[in-house]
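File shown here: start.pdb, holding PDB, C-alpha atoms, pLDDT in the B column.
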ATOM      1  CA  MET E   1      15.194 -14.424 -38.928  1.00 37.00           C
ATOM      2  CA  ARG E   2      11.500 -15.383 -38.380  1.00 37.00           C
ATOM      3  CA  VAL E   3      12.547 -18.131 -35.965  1.00 34.00           C
ATOM      4  CA  LEU E   4      14.550 -15.611 -33.921  1.00 31.00           C
ATOM      5  CA  ILE E   5      11.613 -13.178 -33.700  1.00 33.00           C
ATOM      6  CA  VAL E   6       9.225 -15.974 -32.641  1.00 32.00           C
ATOM      7  CA  ALA E   7      11.726 -17.210 -30.016  1.00 32.00           C
ATOM      8  CA  ILE E   8      12.080 -13.708 -28.539  1.00 33.00           C
ATOM      9  CA  ALA E   9       8.297 -13.240 -28.473  1.00 34.00           C
ATOM     10  CA  LEU E  10       7.753 -16.601 -26.767  1.00 33.00           C
ATOM     11  CA  ALA E  11      10.431 -15.857 -24.174  1.00 37.00           C
ATOM     12  CA  ALA E  12       8.696 -12.574 -23.277  1.00 36.00           C
ATOM     13  CA  LEU E  13       5.229 -14.131 -22.746  1.00 35.00           C
ATOM     14  CA  PRO E  14       5.737 -15.380 -19.152  1.00 37.00           C
ATOM     15  CA  ALA E  15       6.928 -11.924 -18.061  1.00 37.00           C
ATOM     16  CA  CYS E  16       3.902 -10.306 -19.699  1.00 36.00           C
ATOM     17  CA  ALA E  17       1.546 -12.713 -17.937  1.00 34.00           C
ATOM     18  CA  GLU E  18       3.039 -11.908 -14.517  1.00 31.00           C
ATOM     19  CA  THR E  19       2.804  -8.180 -15.163  1.00 30.00           C
ATOM     20  CA  SER E  20      -0.825  -8.351 -16.239  1.00 28.00           C
ATOM     21  CA  GLN E  21      -1.798 -10.369 -13.156  1.00 29.00           C
ATOM     22  CA  MET E  22      -0.202  -7.866 -10.777  1.00 32.00           C
ATOM     23  CA  GLY E  23      -1.704  -4.935 -12.669  1.00 33.00           C
ATOM     24  CA  ALA E  24      -5.268  -6.213 -12.321  1.00 33.00           C
ATOM     25  CA  ALA E  25      -6.777  -3.804  -9.848  1.00 35.00           C
ATOM     26  CA  PRO E  26      -9.669  -4.808  -7.599  1.00 34.00           C
ATOM     27  CA  SER E  27     -11.919  -1.965  -6.514  1.00 36.00           C
ATOM     28  CA  PHE E  28     -11.324   0.432  -3.639  1.00 41.00           C
ATOM     29  CA  GLY E  29      -7.659   1.122  -4.362  1.00 41.00           C
ATOM     30  CA  ALA E  30      -5.969  -2.094  -3.289  1.00 36.00           C
ATOM     31  CA  ALA E  31      -4.515  -3.519  -6.482  1.00 32.00           C
ATOM     32  CA  TYR E  32      -2.477  -6.380  -5.098  1.00 32.00           C
ATOM     33  CA  THR E  33      -2.039  -7.875  -1.675  1.00 33.00           C
ATOM     34  CA  PRO E  34       0.557 -10.600  -1.241  1.00 32.00           C
ATOM     35  CA  SER E  35      -0.484 -13.648   0.754  1.00 41.00           C
ATOM     36  CA  GLU E  36       3.023 -14.399   2.001  1.00 45.00           C
ATOM     37  CA  PRO E  37       5.589 -12.231   3.779  1.00 49.00           C
ATOM     38  CA  THR E  38       7.934 -10.326   1.511  1.00 50.00           C
ATOM     39  CA  PRO E  39      11.591 -11.386   1.658  1.00 53.00           C
ATOM     40  CA  ALA E  40      14.240  -8.820   2.562  1.00 53.00           C
ATOM     41  CA  PRO E  41      15.722  -7.020  -0.455  1.00 48.00           C
ATOM     42  CA  ALA E  42      18.911  -8.220  -2.106  1.00 49.00           C
ATOM     43  CA  PRO E  43      21.695  -5.903  -0.903  1.00 51.00           C
ATOM     44  CA  ALA E  44      23.216  -5.358  -4.373  1.00 47.00           C
ATOM     45  CA  ARG E  45      19.966  -4.068  -5.919  1.00 56.00           C
ATOM     46  CA  ARG E  46      18.591  -0.642  -5.067  1.00 64.00           C
ATOM     47  CA  SER E  47      14.844  -0.071  -5.008  1.00 73.00           C
ATOM     48  CA  LYS E  48      13.266   2.574  -7.228  1.00 88.00           C
ATOM     49  CA  VAL E  49      10.458   3.139  -4.712  1.00 90.00           C
ATOM     50  CA  ILE E  50      10.260   6.732  -3.455  1.00 88.00           C
ATOM     51  CA  VAL E  51       9.783   7.178   0.305  1.00 88.00           C
ATOM     52  CA  LEU E  52       7.955  10.355   1.375  1.00 84.00           C
ATOM     53  CA  GLN E  53       7.261  11.558   4.888  1.00 79.00           C
ATOM     54  CA  THR E  54       4.247  13.482   3.612  1.00 76.00           C
ATOM     55  CA  GLY E  55       1.852  12.876   0.754  1.00 69.00           C
ATOM     56  CA  ASP E  56       2.431  13.725  -2.872  1.00 69.00           C
ATOM     57  CA  SER E  57       0.476  16.138  -5.054  1.00 77.00           C
ATOM     58  CA  ARG E  58      -0.055  13.453  -7.723  1.00 85.00           C
ATOM     59  CA  ALA E  59      -3.168  11.271  -7.701  1.00 90.00           C
ATOM     60  CA  THR E  60      -2.472   7.853  -6.202  1.00 91.00           C
ATOM     61  CA  GLU E  61      -3.987   4.415  -5.873  1.00 92.00           C
ATOM     62  CA  ILE E  62      -3.396   2.633  -2.563  1.00 93.00           C
ATOM     63  CA  LEU E  63      -1.829  -0.792  -2.904  1.00 95.00           C
ATOM     64  CA  GLY E  64      -1.277  -1.601   0.756  1.00 94.00           C
ATOM     65  CA  LEU E  65      -0.379  -0.521   4.259  1.00 94.00           C
ATOM     66  CA  ILE E  66       3.164  -1.274   5.353  1.00 92.00           C
ATOM     67  CA  ASP E  67       4.721  -1.589   8.793  1.00 86.00           C
ATOM     68  CA  PHE E  68       8.306  -2.822   8.887  1.00 84.00           C
ATOM     69  CA  HIS E  69      10.025  -3.711  12.158  1.00 79.00           C
ATOM     70  CA  ALA E  70      13.805  -3.724  12.680  1.00 75.00           C
ATOM     71  CA  GLU E  71      16.112  -3.961  15.650  1.00 73.00           C
ATOM     72  CA  MET E  72      16.864  -0.720  17.450  1.00 68.00           C
ATOM     73  CA  GLY E  73      19.603   1.212  15.647  1.00 65.00           C
ATOM     74  CA  ASP E  74      19.070  -0.551  12.310  1.00 69.00           C
ATOM     75  CA  GLN E  75      17.081   2.198  10.561  1.00 73.00           C
ATOM     76  CA  ASP E  76      18.772   1.563   7.191  1.00 78.00           C
ATOM     77  CA  LYS E  77      17.561  -2.059   7.246  1.00 80.00           C
ATOM     78  CA  ALA E  78      14.063  -0.868   8.154  1.00 80.00           C
ATOM     79  CA  LEU E  79      14.041   1.637   5.280  1.00 85.00           C
ATOM     80  CA  GLU E  80      15.208  -0.990   2.784  1.00 87.00           C
ATOM     81  CA  GLY E  81      12.597  -3.440   4.130  1.00 87.00           C
ATOM     82  CA  LEU E  82       9.870  -0.822   3.750  1.00 89.00           C
ATOM     83  CA  LYS E  83      10.931  -0.217   0.145  1.00 92.00           C
ATOM     84  CA  ALA E  84      11.097  -3.962  -0.608  1.00 91.00           C
ATOM     85  CA  LYS E  85       7.559  -4.536   0.714  1.00 92.00           C
ATOM     86  CA  ALA E  86       6.273  -1.601  -1.337  1.00 94.00           C
ATOM     87  CA  GLU E  87       8.086  -2.789  -4.439  1.00 94.00           C
ATOM     88  CA  SER E  88       6.571  -6.276  -4.062  1.00 94.00           C
ATOM     89  CA  LEU E  89       3.142  -4.627  -4.248  1.00 94.00           C
ATOM     90  CA  GLY E  90       4.095  -2.804  -7.451  1.00 95.00           C
ATOM     91  CA  ALA E  91       4.262   0.581  -5.704  1.00 95.00           C
ATOM     92  CA  ASP E  92       5.887   3.718  -7.049  1.00 95.00           C
ATOM     93  CA  ALA E  93       6.173   5.251  -3.592  1.00 93.00           C
ATOM     94  CA  VAL E  94       5.498   4.937   0.116  1.00 93.00           C
ATOM     95  CA  THR E  95       3.735   8.034   1.447  1.00 92.00           C
ATOM     96  CA  ALA E  96       2.996   9.380   4.919  1.00 89.00           C
ATOM     97  CA  VAL E  97       5.966   7.454   6.313  1.00 88.00           C
ATOM     98  CA  GLU E  98       6.278   7.465  10.102  1.00 84.00           C
ATOM     99  CA  PHE E  99       9.326   6.381  12.079  1.00 80.00           C
ATOM    100  CA  HIS E 100       8.763   5.007  15.559  1.00 72.00           C
ATOM    101  CA  HIS E 101      11.984   4.652  17.518  1.00 68.00           C
ATOM    102  CA  GLY E 102      12.039   1.544  19.695  1.00 65.00           C
ATOM    103  CA  GLU E 103      12.617   1.959  23.427  1.00 69.00           C
ATOM    104  CA  GLY E 104      14.998  -0.417  25.182  1.00 68.00           C
ATOM    105  CA  LYS E 105      14.731  -3.755  23.412  1.00 72.00           C
ATOM    106  CA  GLU E 106      11.609  -2.715  21.488  1.00 72.00           C
ATOM    107  CA  PRO E 107      12.003  -2.771  17.688  1.00 72.00           C
ATOM    108  CA  SER E 108      11.962   0.366  15.576  1.00 73.00           C
ATOM    109  CA  HIS E 109       9.043   0.676  13.135  1.00 76.00           C
ATOM    110  CA  LEU E 110       8.738   2.353   9.781  1.00 83.00           C
ATOM    111  CA  SER E 111       5.171   2.524   8.522  1.00 88.00           C
ATOM    112  CA  GLY E 112       3.468   4.103   5.533  1.00 91.00           C
ATOM    113  CA  THR E 113       1.103   3.636   2.612  1.00 93.00           C
ATOM    114  CA  ALA E 114       2.302   1.923  -0.578  1.00 94.00           C
ATOM    115  CA  VAL E 115       0.899   3.762  -3.608  1.00 94.00           C
ATOM    116  CA  ARG E 116       0.974   3.729  -7.380  1.00 94.00           C
ATOM    117  CA  PHE E 117       0.693   7.062  -9.174  1.00 93.00           C
ATOM    118  CA  ARG E 118      -2.726   6.686 -10.811  1.00 93.00           C
ATOM    119  CA  ASP E 119      -5.854   8.846 -10.952  1.00 92.00           C
ATOM    120  CA  LEU E 120      -8.825   6.694  -9.959  1.00 93.00           C
ATOM    121  CA  LEU E 121     -11.287   9.618 -10.009  1.00 93.00           C
ATOM    122  CA  GLY E 122     -10.581  10.443 -13.646  1.00 91.00           C
ATOM    123  CA  GLY E 123     -12.318  13.815 -13.324  1.00 91.00           C
ATOM    124  CA  ARG E 124     -15.648  12.190 -12.418  1.00 94.00           C
ATOM    125  CA  LYS E 125     -17.992  13.909  -9.976  1.00 96.00           C
ATOM    126  CA  TYR E 126     -18.869  12.141  -6.754  1.00 96.00           C
ATOM    127  CA  GLU E 127     -20.742  12.464  -3.501  1.00 97.00           C
ATOM    128  CA  ALA E 128     -19.271  11.606  -0.125  1.00 96.00           C
ATOM    129  CA  ILE E 129     -21.286   8.883   1.558  1.00 97.00           C
ATOM    130  CA  GLN E 130     -19.579   8.563   4.928  1.00 96.00           C
ATOM    131  CA  LYS E 131     -16.238   8.694   6.706  1.00 97.00           C
ATOM    132  CA  ILE E 132     -15.160   5.190   7.655  1.00 97.00           C
ATOM    133  CA  GLU E 133     -12.487   3.814   9.986  1.00 97.00           C
ATOM    134  CA  VAL E 134     -11.093   0.443  10.996  1.00 96.00           C
ATOM    135  CA  VAL E 135      -8.951  -0.252  14.060  1.00 95.00           C
ATOM    136  CA  PHE E 136      -6.848  -3.402  13.808  1.00 94.00           C
ATOM    137  CA  GLU E 137      -4.113  -5.354  15.566  1.00 90.00           C
ATOM    138  CA  MET E 138      -0.417  -4.560  15.104  1.00 85.00           C
ATOM    139  CA  GLU E 139       1.098  -6.341  12.096  1.00 84.00           C
ATOM    140  CA  GLN E 140      -2.371  -6.952  10.589  1.00 91.00           C
ATOM    141  CA  GLU E 141      -2.249  -4.153   8.013  1.00 92.00           C
ATOM    142  CA  ASP E 142      -3.783  -6.298   5.257  1.00 93.00           C
ATOM    143  CA  GLU E 143      -6.739  -7.063   7.539  1.00 94.00           C
ATOM    144  CA  GLY E 144      -7.165  -3.370   8.304  1.00 94.00           C
ATOM    145  CA  LEU E 145      -7.304  -2.417   4.625  1.00 94.00           C
ATOM    146  CA  ARG E 146      -9.673  -5.334   3.872  1.00 95.00           C
ATOM    147  CA  GLY E 147     -11.929  -4.165   6.700  1.00 96.00           C
ATOM    148  CA  LEU E 148     -12.021  -0.635   5.290  1.00 96.00           C
ATOM    149  CA  LYS E 149     -12.947  -1.957   1.835  1.00 96.00           C
ATOM    150  CA  GLU E 150     -15.665  -4.154   3.364  1.00 96.00           C
ATOM    151  CA  LYS E 151     -17.213  -1.141   5.141  1.00 97.00           C
ATOM    152  CA  ALA E 152     -17.207   0.718   1.813  1.00 96.00           C
ATOM    153  CA  ARG E 153     -18.884  -2.233   0.056  1.00 96.00           C
ATOM    154  CA  GLN E 154     -21.617  -2.301   2.718  1.00 97.00           C
ATOM    155  CA  LEU E 155     -22.273   1.368   1.908  1.00 97.00           C
ATOM    156  CA  HIS E 156     -22.359   0.559  -1.845  1.00 96.00           C
ATOM    157  CA  ALA E 157     -19.447   2.931  -2.393  1.00 96.00           C
ATOM    158  CA  ASP E 158     -17.515   3.147  -5.641  1.00 96.00           C
ATOM    159  CA  LEU E 159     -14.229   4.246  -4.109  1.00 95.00           C
ATOM    160  CA  ILE E 160     -12.522   5.302  -0.883  1.00 96.00           C
ATOM    161  CA  ILE E 161     -10.665   8.615  -0.947  1.00 94.00           C
ATOM    162  CA  ASP E 162      -8.475  10.493   1.539  1.00 91.00           C
ATOM    163  CA  VAL E 163      -7.201   7.247   3.050  1.00 93.00           C
ATOM    164  CA  LYS E 164      -4.978   7.697   6.101  1.00 92.00           C
ATOM    165  CA  PHE E 165      -2.973   5.060   7.962  1.00 91.00           C
ATOM    166  CA  GLU E 166      -1.959   5.708  11.569  1.00 89.00           C
ATOM    167  CA  HIS E 167       0.507   3.262  13.079  1.00 82.00           C
ATOM    168  CA  GLY E 168      -0.619   3.832  16.656  1.00 76.00           C
ATOM    169  CA  GLU E 169       1.655   4.898  19.484  1.00 73.00           C
ATOM    170  CA  GLU E 170       2.262   3.473  22.953  1.00 71.00           C
ATOM    171  CA  GLY E 171      -0.631   1.124  23.521  1.00 77.00           C
ATOM    172  CA  GLN E 172      -2.852   2.476  20.741  1.00 87.00           C
ATOM    173  CA  LYS E 173      -3.867   0.125  17.968  1.00 92.00           C
ATOM    174  CA  PRO E 174      -3.193   1.015  14.321  1.00 91.00           C
ATOM    175  CA  ARG E 175      -6.085   2.414  12.315  1.00 93.00           C
ATOM    176  CA  VAL E 176      -6.949   3.213   8.727  1.00 94.00           C
ATOM    177  CA  SER E 177      -9.621   5.696   7.710  1.00 95.00           C
ATOM    178  CA  GLY E 178     -11.037   7.305   4.589  1.00 95.00           C
ATOM    179  CA  THR E 179     -14.143   8.676   2.940  1.00 96.00           C
ATOM    180  CA  ALA E 180     -16.457   6.308   1.040  1.00 96.00           C
ATOM    181  CA  ILE E 181     -17.750   7.939  -2.144  1.00 96.00           C
ATOM    182  CA  ARG E 182     -20.239   7.210  -4.897  1.00 96.00           C
ATOM    183  CA  PHE E 183     -19.879   8.534  -8.435  1.00 96.00           C
ATOM    184  CA  VAL E 184     -22.733  10.768  -9.674  1.00 94.00           C
ATOM    185  CA  GLN E 185     -23.885  10.951 -13.245  1.00 80.00           C
TER
END
Rewritten as C-alpha cells:
Amino acid sequence: MRVLIVAIALAALPACAETSQMGAAPSFGAAYTPSEPTPAPAPARRSKVIVLQTGDSRATEILGLIDFHAEMGDQDKALEGLKAKAESLGADAVTAVEFHHGEGKEPSHLSGTAVRFRDLLGGRKYEAIQKIEVVFEMEQEDEGLRGLKEKARQLHADLIIDVKFEHGEEGQKPRVSGTAIRFVQ
C-alpha cells in the first residue's frame, strides 16, 4: 500500500512543477507570456475559456493580448484559436473581444485581452501616477504589453490598472493603455 501511495505521489510531481511555473506571476499583470506561437486547438477538446465582448465585474489579472487571424468566413476557427491562445496563457476568459471582418481577401481578426480572475489590488489604497499608452505593430501584442510594463517600471509604479487593448482599424496601429499606480501606506 505504501509503495502505491509513493508511486502516485511521484507521478503527480511533474504536473505540479509545470503548474507552479505557469502560476508564477511577474509584476504588472502579465503572468505568463509564451515565447512560441500557440498551436491550433485539438478539435475534439472544448476550451473552458469564457469569451466576453465586454468586461466582467470580477477583478482580473491580465495575462496577455490576443489577436487571432483566420480566413474570411471562418469565424468559428478564429473563435477557437482565440480560446486556445488564451488557454495556453492560463486564462479564465478573454474580455473586450472585438471582431474585425476581413474585406476581400483580407483575414478576419478576433482580438481581446486574456485574463485570470484574480484581485491584484487586494483592497489596498493607491494613487494614480499617470495614464500610459503604447502603440505597436500588428501581430506584436507581446511587445505592446512589454512596452506598457516598461513605461510603468520607469514611473516606479506598482501596478497598471484599467488596461485597454484596441486592435486598430483600417490603417491604425494597435495600442494598449492603462493607468500606472503606486500603493500608498
**Report entry** Ground truth for the PyMOL selection byres ((chain E and resi 121) around 12), written as a ChimeraX atom specification
**Finding:** /E:28-29,59-61,118-120,122-127,158-162,181-184
Query raised in the report: Which distance in Å separates atom CA of E:His69 and atom CA of E:Lys85, to one decimal?
Result: 11.7 Å
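Residue nearest E:Ala86 within the list E:Glu150, E:Glu139, E:Glu170, E:Asp67: E:Asp67 [criterion: smallest interatomic distance, all atoms listed in the file].
When atom CA of E:Ala93 is paired with atom CA of E:Pro174, their separation reads 20.7 Å.
From atom CA of E:Gln53 back to atom CA of E:Arg116, the distance works out to 15.9 Å.
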